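Here the structure comes first, spelled out in structure tokens, and everything after it is commentary.
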Amino acid sequence: MPRIVIELTNRCNLSCQHCFSGRHGGNTDLPLAILDHVLAEAGLLGFDFIAFTGGDPTVYRHFADALARTSQAGFQFGMVTNGQNFKMVYPVLLEHRDHLNVVTFSVDGATESSHDKLRGKNSFRRVMQAASICMFKDIPFSINMVVTRNNQHEVAELAELAAHLGSRGVRFGHLMHSPITTADGQDLSSEERKRVEAEIADLQRNSAIAIAMGPGYFTDSLFPCAPLQMQEVNVDCHGNLTKCCHLSGHGSPKTQRDVIGNLAEITFGEAYRRLVAENDVFRETKMRHHASGQFDETDYFPCWYCSRYYSKLDWLRSTEPNVWQLALR
Ligand code: SF4
Ligand code: SF4
């Protein structure tokens with residue numbers, strides 16, 4: 001299902017260790033006029049699904065209005081949330097049940113201590129309560145977990161917990177490097193990542209629910225994800241069309257080459273055309289790097305390659321030496 005990820009806001013009610021400053025702690029809400037603009041044009045380009053993110057989408061000042069406009073425009077939608085406000089907002093979701101595909105909760109560990117270490121005190125209890133509400137109200141939900149050094153041994157336990165809660169499935173993802181997680185030693189080495197991926201592959205074969213690995217896992221495929229296949233685009237809370245939600249807000253304000261254009265200034269169609277052209281250049285460059293032997297081990301983790309390509313990791317050059325820093329070359 002071709003989708004548009006829309007960051008409704010960069011405000012958030014948590015301050016997670018692995019978040020980028022561009023994604024939380026701000027005070028910007030997407031103007032509703034930009035949302036209207038996207039909803040009016042996106043269908044013509046084949047998009048039929050809107051995935052709301054943030055910050056946390058539930059703190060968006062026009063949350064109810066955004067869902068109503070999206071449903072009225074005929075789109076299916078989902079959202080990724082930390083679950084902290086869910087008790088307050090789920091009645092709004094129920095109003096649009098016919099258009100709601102899934103709510104995805106971010107749960108970064110099977111235990112309160114590992115989740116709260118990354119996401120803050122009491123956040124685990126509140127997201128568990130949110131999952132219980134979904135089960136009770138028959139709201140479809142799934143779980144995303146970011147794998148870190150701290151929770152790497154909990155993937156099977158998390159899959160079991162998710163099945164017990166009634167989740168549709170679990171999607172695991174590697175940590176995108178951030179200054180705090182790097183300083184805290186939470187980034188796994190490439191060998192450690194591959195070991196966890198093998199465990200997740202095993203779970204995929206044996207779990208009662210759907211288990212997936214998000215983009216960023218070790219692969220020979222040069223273009224393994226929806227954004228690189230032009231099946232997913234991102235709109236940030238400033239109204240910019242950007243390449244990918246994983247890169248959005250990552251790096252310094254100077255390293256925003258993944259920002260394609262602002263939808264207050266150009267049409268969605270024009271921004272999309274520019275993104276297609278940018279993606280063609282990216283693909284050609286990546287193929288050339290690969291063919292000329294410029295790839296090393298870490299470049300087979302596609303989100304790492306993208307982070308380097310878009311210069312999101314300059315800060316990493318001045319940290320204590322580690323395997324990822326050395327791979328920056
Ligand atoms: S990771 Fe999500 S929930 Fe945590 S601070 Fe960032 S935007 Fe908020
Ligand atoms: S960062 Fe790159 S590889 Fe990762 S999901 Fe985004 S476009 Fe795909």
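By convention here, the chains of the structure tokens are called A, B, ... in the order presented, each chain's residues are numbered starting at 1, and ligands are numbered starting at 1 in the order presented.
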
Quick one: which segment 68-168 of chain A residues come within 9 Å of segment 28-52 of chain A, and what is the nearest atom pair for each with the distance in Å to one decimal, counting only C-alpha atoms, rows ordered by chain and ascending number, as a Markdown table?
| residue | atom | partner | partner_atom | distance |
| --- | --- | --- | --- | --- |
| A:Arg69 | CA | A:Asp36 | CA | 7.5 |
| A:Thr70 | CA | A:Leu39 | CA | 6.9 |
| A:Ala73 | CA | A:Leu39 | CA | 6.5 |
| A:Gly74 | CA | A:Asp48 | CA | 8.1 |
| A:Phe75 | CA | A:Asp48 | CA | 5.4 |
| A:Gln76 | CA | A:Phe49 | CA | 4.9 |
| A:Phe77 | CA | A:Ile50 | CA | 4.6 |
| A:Gly78 | CA | A:Ala51 | CA | 4.8 |
| A:Met79 | CA | A:Phe52 | CA | 4.4 |
| A:Val80 | CA | A:Phe52 | CA | 6.4 |
| A:Thr81 | CA | A:Phe52 | CA | 8.6 |
| A:Asn101 | CA | A:Phe49 | CA | 8.9 |

| request: Write out as a list in words each polymer residue (protein, DNA or RNA) that has an atom no more than 6 Å from ligand 1, with only C-alpha atoms and all ligand atoms counted. | output: Cys12, Leu14, Ser15, Cys16, Cys19, Arg23, His24, Gly54, Gly55, Asp56 and Asn82 of chain A

| message | Can you tell me which residues surround segment 282-296 of chain A at a distance of at most 12 Å, considering only C-alpha atoms, apart from same-chain residues fewer than 4 positions away, and format the answer as number ranges by chain? | response | A: 190, 218, 220-224, 227-230, 243, 257-258, 275-278, 300-302, 304-306, 308-310, 324, 326-329

| query | Quick one: distance from atom 8 (Fe, counted along the ligand's line) of ligand 2 to atom CA of Thr9 of chain A in Å, one decimal? | reply |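 One can read the atom 8 (Fe, counted along the ligand's line) of ligand 2 to atom CA of Thr9 of chain A distance as 21.8 Å.
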
| Near segment 120-128 of chain A, counting only C-alpha atoms, which residues have an atom at most 6 Å away, once you skip same-chain residues fewer than 4 positions from it, shown as a ChimeraX atom specification? | /A:83-84,112,116

| request: Name the residues of segment 93-314 of chain A that come out as strand (DSSP E) in a backbone DSSP run; write them as a PyMOL selection string. | output: chain A and resi 100-106+141-147+169-174+210-213+232-235+240-242+259-262

Can I get the selection written as a tab-separated table (two decimals), in the first residue's frame, with N, CA and C atoms?
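Saved file part.tsv follows:
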chain	number	residue	atom	x	y	z
A	100	LEU	N	-9.42	3.34	10.12
A	100	LEU	CA	-8.22	3.06	10.93
A	100	LEU	C	-7.71	1.66	10.61
A	101	ASN	N	-6.48	1.60	10.16
A	101	ASN	CA	-5.88	0.31	9.82
A	101	ASN	C	-5.19	-0.30	11.04
A	102	VAL	N	-4.34	0.47	11.67
A	102	VAL	CA	-3.60	-0.08	12.83
A	102	VAL	C	-2.98	1.05	13.65
A	103	VAL	N	-2.91	0.82	14.95
A	103	VAL	CA	-2.15	1.71	15.84
A	103	VAL	C	-0.87	0.96	16.20
A	104	THR	N	0.26	1.61	16.04
A	104	THR	CA	1.54	0.97	16.37
A	104	THR	C	2.11	1.62	17.62
A	105	PHE	N	2.35	0.80	18.62
A	105	PHE	CA	2.94	1.30	19.86
A	105	PHE	C	4.44	1.05	19.86
A	106	SER	N	5.19	2.03	20.31
A	106	SER	CA	6.63	1.87	20.46
A	106	SER	C	6.91	1.28	21.84
A	141	PHE	N	-3.82	-3.33	16.77
A	141	PHE	CA	-2.57	-2.65	17.10
A	141	PHE	C	-1.38	-3.59	16.85
A	142	SER	N	-0.23	-2.97	16.71
A	142	SER	CA	1.02	-3.72	16.57
A	142	SER	C	2.08	-3.01	17.41
A	143	ILE	N	3.25	-3.63	17.47
A	143	ILE	CA	4.32	-3.09	18.32
A	143	ILE	C	5.60	-2.95	17.52
A	144	ASN	N	6.28	-1.84	17.72
A	144	ASN	CA	7.63	-1.63	17.18
A	144	ASN	C	8.62	-1.65	18.33
A	145	MET	N	9.72	-2.33	18.14
A	145	MET	CA	10.77	-2.29	19.18
A	145	MET	C	12.12	-1.98	18.54
A	146	VAL	N	12.81	-1.01	19.10
A	146	VAL	CA	14.18	-0.69	18.67
A	146	VAL	C	15.14	-1.54	19.51
A	147	VAL	N	16.03	-2.24	18.83
A	147	VAL	CA	16.94	-3.15	19.54
A	147	VAL	C	18.20	-2.37	19.96
A	169	GLY	N	1.29	-8.03	15.57
A	169	GLY	CA	2.66	-8.46	15.27
A	169	GLY	C	3.67	-7.54	15.93
A	170	VAL	N	4.92	-7.83	15.67
A	170	VAL	CA	6.02	-7.00	16.18
A	170	VAL	C	6.97	-6.72	15.03
A	171	ARG	N	7.41	-5.47	14.96
A	171	ARG	CA	8.45	-5.12	14.01
A	171	ARG	C	9.66	-4.63	14.79
A	172	PHE	N	10.78	-5.32	14.61
A	172	PHE	CA	12.02	-4.93	15.27
A	172	PHE	C	12.83	-4.03	14.34
A	173	GLY	N	13.56	-3.12	14.92
A	173	GLY	CA	14.40	-2.25	14.10
A	173	GLY	C	15.71	-1.95	14.81
A	174	HIS	N	16.74	-1.69	14.02
A	174	HIS	CA	18.01	-1.29	14.62
A	174	HIS	C	17.95	0.18	15.03
A	210	ALA	N	2.72	-12.19	13.62
A	210	ALA	CA	3.63	-11.75	12.54
A	210	ALA	C	4.84	-11.05	13.14
A	211	ILE	N	6.01	-11.48	12.72
A	211	ILE	CA	7.26	-10.86	13.19
A	211	ILE	C	7.97	-10.30	11.95
A	212	ALA	N	8.41	-9.07	12.05
A	212	ALA	CA	9.10	-8.45	10.92
A	212	ALA	C	10.34	-7.71	11.41
A	213	MET	N	11.23	-7.48	10.48
A	213	MET	CA	12.40	-6.66	10.77
A	213	MET	C	12.25	-5.40	9.92
A	232	GLU	N	6.92	4.95	-0.32
A	232	GLU	CA	6.66	5.67	0.93
A	232	GLU	C	7.41	6.99	0.88
A	233	VAL	N	6.72	8.08	1.23
A	233	VAL	CA	7.38	9.38	1.34
A	233	VAL	C	7.02	9.97	2.69
A	234	ASN	N	7.75	10.99	3.07
A	234	ASN	CA	7.57	11.57	4.41
A	234	ASN	C	7.28	13.06	4.30
A	235	VAL	N	6.33	13.53	5.10
A	235	VAL	CA	6.08	14.97	5.22
A	235	VAL	C	6.38	15.35	6.66
A	240	ASN	N	7.60	20.06	4.92
A	240	ASN	CA	8.56	19.64	3.89
A	240	ASN	C	8.29	18.21	3.45
A	241	LEU	N	8.37	17.96	2.15
A	241	LEU	CA	8.43	16.58	1.68
A	241	LEU	C	9.87	16.13	1.86
A	242	THR	N	10.08	15.03	2.56
A	242	THR	CA	11.44	14.53	2.79
A	242	THR	C	11.53	13.07	2.37
A	259	VAL	N	15.66	16.78	2.61
A	259	VAL	CA	14.47	17.63	2.49
A	259	VAL	C	14.35	18.06	1.03
A	260	ILE	N	13.21	17.76	0.43
A	260	ILE	CA	13.06	17.98	-1.02
A	260	ILE	C	12.43	19.33	-1.35
A	261	GLY	N	11.42	19.73	-0.59
A	261	GLY	CA	10.77	21.01	-0.87
A	261	GLY	C	9.62	21.22	0.09
A	262	ASN	N	9.22	22.49	0.23
A	262	ASN	CA	8.16	22.80	1.19
A	262	ASN	C	6.81	22.90	0.50

| Near Glu199 of chain A, within 12 Å and counting only C-alpha atoms, which residues show up once chain neighbours fewer than 6 positions away are dropped, as a VMD selection string? | chain A and resid 147 152 to 157 159 172 192 to 193 205 to 207 211 to 213

Can you spit out the residues from that selection as a PDB file, in the first residue's frame, using C-alpha atoms?
ATOM      1  CA  VAL A 147      16.944  -3.145  19.536  1.00  0.00           C
ATOM      2  CA  GLN A 152      18.908  -7.159  22.818  1.00  0.00           C
ATOM      3  CA  HIS A 153      18.210 -10.297  24.857  1.00  0.00           C
ATOM      4  CA  GLU A 154      14.491  -9.558  25.092  1.00  0.00           C
ATOM      5  CA  VAL A 155      13.331 -10.023  21.505  1.00  0.00           C
ATOM      6  CA  ALA A 156      11.729 -13.435  22.117  1.00  0.00           C
ATOM      7  CA  GLU A 157      10.216 -12.215  25.370  1.00  0.00           C
ATOM      8  CA  ALA A 159       7.240 -11.324  20.861  1.00  0.00           C
ATOM      9  CA  PHE A 172      12.016  -4.927  15.274  1.00  0.00           C
ATOM     10  CA  GLU A 192      25.935  -8.175  17.308  1.00  0.00           C
ATOM     11  CA  ARG A 193      23.238  -6.811  15.002  1.00  0.00           C
ATOM     12  CA  ARG A 205       9.362 -19.036  11.665  1.00  0.00           C
ATOM     13  CA  ASN A 206       8.030 -19.966  15.080  1.00  0.00           C
ATOM     14  CA  SER A 207       5.991 -17.134  16.541  1.00  0.00           C
ATOM     15  CA  ILE A 211       7.259 -10.860  13.187  1.00  0.00           C
ATOM     16  CA  ALA A 212       9.103  -8.455  10.917  1.00  0.00           C
ATOM     17  CA  MET A 213      12.402  -6.658  10.767  1.00  0.00           C
TER      18      MET A 213
END

| Using only C-alpha atoms, which of the listed residues (A:Gly25, A:Pro57, A:Gly166, A:Pro2) sits closest to Pro140 of chain A? | A:Gly166

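Among the candidate residues A:Leu175, A:Ala130, A:Ala162, A:Val59, the one lying nearest to ligand 2 is A:Leu175, with distances computed using only C-alpha atoms and all ligand atoms.
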
| helix (DSSP H, G or I) call set, DSSP backbone run, segment 161-236 of chain A, as a PyMOL selection string | chain A and resi 161-165+179-183+190-206+227-229

| request: Check the smallest atom-to-atom distance from each of A:Met176, A:Cys225, A:Ile200, A:Val323 to ligand 2 using only C-alpha atoms and all ligand atoms, then report the winner. | output: A:Cys225

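For the pair atom CA of Arg149 of chain A and atom CA of Thr111 of chain A, the interatomic distance is 14.2 Å.
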
| request: Skip Ala64 of chain A itself and residues of its chain fewer than 2 positions away, then list as a list in words all residues within 10 Å of it, counting only C-alpha atoms. | output: Thr58, Tyr60, Arg61, His62, Ala66, Leu67, Ala68, Arg69, Val89, Pro91, Val92, Leu93, Glu95 and His96 of chain A

For N, CA, C and O atoms, I'd like the residues from the last selection saved as a tab-separated table (two decimals), in the first residue's frame.
chain	number	residue	atom	x	y	z
A	58	THR	N	-0.44	12.18	19.05
A	58	THR	CA	-1.60	12.46	19.92
A	58	THR	C	-1.51	13.81	20.62
A	58	THR	O	-2.50	14.27	21.19
A	60	TYR	N	-0.70	16.49	18.94
A	60	TYR	CA	-0.97	17.48	17.88
A	60	TYR	C	-2.24	18.26	18.24
A	60	TYR	O	-3.26	17.67	18.62
A	61	ARG	N	-2.17	19.55	18.09
A	61	ARG	CA	-3.30	20.40	18.52
A	61	ARG	C	-4.57	20.11	17.74
A	61	ARG	O	-5.67	20.34	18.22
A	62	HIS	N	-4.43	19.64	16.49
A	62	HIS	CA	-5.61	19.40	15.65
A	62	HIS	C	-5.80	17.91	15.38
A	62	HIS	O	-6.20	17.51	14.29
A	66	ALA	N	-7.51	16.30	12.12
A	66	ALA	CA	-6.66	15.62	11.13
A	66	ALA	C	-7.24	14.25	10.77
A	66	ALA	O	-7.28	13.87	9.59
A	67	LEU	N	-7.70	13.52	11.78
A	67	LEU	CA	-8.28	12.19	11.50
A	67	LEU	C	-9.56	12.34	10.69
A	67	LEU	O	-9.82	11.57	9.75
A	68	ALA	N	-10.37	13.33	11.06
A	68	ALA	CA	-11.65	13.53	10.35
A	68	ALA	C	-11.39	13.86	8.88
A	68	ALA	O	-12.01	13.29	7.98
A	69	ARG	N	-10.44	14.76	8.63
A	69	ARG	CA	-10.14	15.16	7.24
A	69	ARG	C	-9.59	13.98	6.44
A	69	ARG	O	-9.90	13.81	5.26
A	89	VAL	N	-7.16	9.65	23.94
A	89	VAL	CA	-7.48	9.87	22.52
A	89	VAL	C	-8.21	8.71	21.83
A	89	VAL	O	-8.74	8.90	20.73
A	91	PRO	N	-11.14	7.41	22.04
A	91	PRO	CA	-12.50	7.63	21.53
A	91	PRO	C	-12.52	8.31	20.15
A	91	PRO	O	-13.39	8.03	19.33
A	92	VAL	N	-11.53	9.17	19.89
A	92	VAL	CA	-11.46	9.82	18.58
A	92	VAL	C	-11.15	8.79	17.50
A	92	VAL	O	-11.70	8.83	16.40
A	93	LEU	N	-10.27	7.87	17.83
A	93	LEU	CA	-9.93	6.82	16.85
A	93	LEU	C	-11.17	5.97	16.53
A	93	LEU	O	-11.41	5.62	15.38
A	95	GLU	N	-14.14	6.85	16.40
A	95	GLU	CA	-15.04	7.58	15.47
A	95	GLU	C	-14.69	7.29	14.01
A	95	GLU	O	-15.51	7.47	13.12
A	96	HIS	N	-13.44	6.90	13.78
A	96	HIS	CA	-12.98	6.68	12.40
A	96	HIS	C	-12.54	5.23	12.20
A	96	HIS	O	-11.65	4.94	11.41

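One finds atom CA of Gln231 of chain A at 29.1 Å from atom CA of Arg195 of chain A.
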
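Among the candidates A:Thr148, A:Asp299, A:Ala264, A:Cys244, the residue lying nearest to Val196 of chain A is A:Thr148 (atoms considered: only C-alpha atoms).
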
| query | Of the residues A:Ala271, A:Ile266, A:Cys245, A:Ile133, which is the one nearest to ligand 2, using only C-alpha atoms and all ligand atoms? | reply |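 Result for the nearest residue to ligand 2: A:Cys245.
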